[in-house]
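Data first, discussion second: the structure below is written as structure tokens.
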Amino acid sequence: MKGITFLGNRQLDVVNFPDPTPGPRDVILEIKASGMCGTDLGAYRSPNGRVAVGATQVDGPVIAGHEPCGVVVAVGSAVTDREARIGDRVMDHHYDGCGVCRHCSSGWTQLCLDGAVAYGYGGHGAHAKYMRVAAHSLVSLPDAISFPAGAAIACGTGTAYGALKRLSLEGDQTIAIFGQGPVGLSATVMAVEMGARVIAVDLSADRRQMALEKGADVAIDPTAVDPVQAIMDLTHGEGADRTMDCTSSADARRAAVRSTRVWGTSCMVGVGGQLQIEVMPDLIFRQVTVVGHWTFSKMGLADCARFVADRKLDIDSLFTNHWDIADAAEAYTLFDQQKTGKGVFTSFD
């Protein structure tokens, strides 16, 4: 089979790999959709094509992609019917851990005390026709959700949902979401569905327009106005009840904290970069809480899928590009510009 590998410095290759076979507690997925995530750009841009996410499981080139969605086509000898059956439509909670520590037992495998493997980084990922995963990492894909939407939920959209839950967002509140890429736009869609007023902030005019089309009340261009002052003006001088950074930009993160109202909460979602704030005026004197959020638990992934299915949310419309694996270089060159919506690979031959 063919798999996409990152070489470093914005270069990639499509390499031939043997088709995987399952170990006793593994399953093989035929990938129907593999989403492109902003975190992938960290590896794509890095000098060696790697980022430090979790432990290492394989030697040599690693197949990229950590938003897996597909169909079970083979199961290991110790996998029970309750865990997986051939033909099941599934998403994957893209981590493997010890399975017994407090974090693995609660579904937060990525926090495994023995060190988790993250598929697409330390273990082979989903940018290929087939993928071997631990049986315990599977989450059922509701029939009402397409494979591309399931891939989005398996990381970016699921992360946005988890962050909103972490913020305890309520319907009478205002949230300012910095960054309207795949994660931020997903947060906008779901925050609107939860009844909140959304203020979207992004450098890209196209992404600001997408946010407005998805129900954002206002879209702010931080190059045209001071986003903190603009948010204060929109909230009677108090600031947003909740803010979220999906950019990893130090400027955006600082603005997110400073535009949070007294007793409010700001959530850091974007991976990488720094948070540079003044502790007393930005936090202590305003009783502001800052939290970090990393993806979701296995149950959180299932909860997000149910939320999307029950509310009939149009996650498919987040995608602006569907790609064949043969077009991988073009796909990542475009995605690297961070001006479009979400991209997804749906053909791997």
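Just remember, in the structure tokens the first chain shown is A, the second B, etc., residues are 1-based per chain, and ligands are 1-based in the order shown.
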Close residues, segment 328-334 of chain A itself excluded, 12 Å, only C-alpha atoms, min 2 positions apart in chain, as a compact mmCIF listing (two decimals) with C-alpha atoms, in the first residue's frame:
```
# COMPACT_ATOMS: atom_id res chain seq x y z
CA LYS A 2 1.03 3.65 -0.42
CA GLY A 3 1.54 5.90 2.59
CA ILE A 4 2.38 9.58 3.02
CA THR A 5 5.53 10.33 5.02
CA PHE A 6 6.93 13.72 6.01
CA LEU A 7 10.59 14.26 5.13
CA ASN A 9 11.23 21.25 5.61
CA ARG A 10 7.85 21.06 3.84
CA GLN A 11 8.78 17.99 1.81
CA LEU A 12 6.91 14.68 1.75
CA ASP A 13 6.99 11.38 -0.07
CA VAL A 14 4.45 8.69 -0.97
CA VAL A 15 6.14 5.42 -0.03
CA SER A 34 -8.05 10.65 6.68
CA GLY A 35 -8.28 14.28 7.69
CA MET A 36 -5.54 16.90 7.56
CA CYS A 37 -4.98 18.60 10.91
CA GLY A 38 -3.08 21.74 11.86
CA ASP A 40 0.34 17.78 10.99
CA LEU A 41 1.85 21.04 9.79
CA GLY A 42 4.24 20.97 12.74
CA ALA A 43 5.75 17.73 11.44
CA TYR A 44 5.49 18.81 7.80
CA ARG A 45 7.44 22.03 8.53
CA ALA A 64 1.35 10.44 8.71
CA GLY A 65 -2.27 11.20 9.52
CA HIS A 127 -2.65 8.59 5.33
CA ALA A 128 -2.71 5.14 3.69
CA THR A 320 -13.04 22.62 1.08
CA ASN A 321 -10.76 19.98 -0.45
CA HIS A 322 -10.99 16.20 -0.98
CA TRP A 323 -7.71 14.66 -2.08
CA ASP A 324 -6.24 11.54 -3.65
CA ILE A 325 -3.02 10.27 -2.06
CA ALA A 326 -1.27 10.89 -5.38
CA ASP A 336 0.31 25.07 4.63
CA GLN A 337 -1.03 28.47 3.53
CA GLN A 338 -3.77 28.18 6.20
CA LYS A 339 -6.34 30.11 4.20
CA THR A 340 -8.79 27.35 3.30
CA GLY A 341 -11.16 25.11 5.19
CA LYS A 342 -10.37 21.51 6.02
CA GLY A 343 -8.73 18.99 3.69
CA VAL A 344 -9.23 15.22 3.68
CA PHE A 345 -7.77 12.24 1.81
CA THR A 346 -10.46 9.89 0.54
CA SER A 347 -8.62 7.86 -2.12
CA PHE A 348 -5.46 5.82 -1.49
```
Write down as an NGL selection string the residues of segment 115-266 of chain A whose backbone DSSP state falls under helix (DSSP H, G or I).
:A and (135-137 or 147-153 or 156-166 or 182-193 or 205-213 or 227-234 or 250-258)
7 Å contact set for Val90 of chain A, only C-alpha atoms, chain neighbours under 3 positions out, as a list in words
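Here the qualifying residues turn out to be Cys69, Gly70, Val71, Leu138, Val139, Ser140 and Leu141 of chain A.
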In segment 60-232 of chain A, DSSP strand (DSSP E) residues written as a ChimeraX atom specification:
/A:68-75,89-92,95-96,117-118,130-134,138-140,174-178,197-201,218-220
Distance criterion (only C-alpha atoms): nearest to Ile28 of chain A out of A:Val62, A:Val133, A:Leu318, A:Leu111
A:Val133
Computed interatomic separation between atom CA of Arg25 of chain A and atom CA of Met131 of chain A (Å)
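These atoms are spaced 13.9 Å apart.
Every protein, DNA or RNA residue with an atom at most 12 Å from Leu113 of chain A, where only C-alpha atoms count and chain neighbours fewer than 5 positions away do not, is listed here: Gly54, Ala55, Asp96, Gly97, Cys98, Gly99, Val100, Cys101, Arg102, His103, Cys104, Ser105 and Trp108 of chain A.
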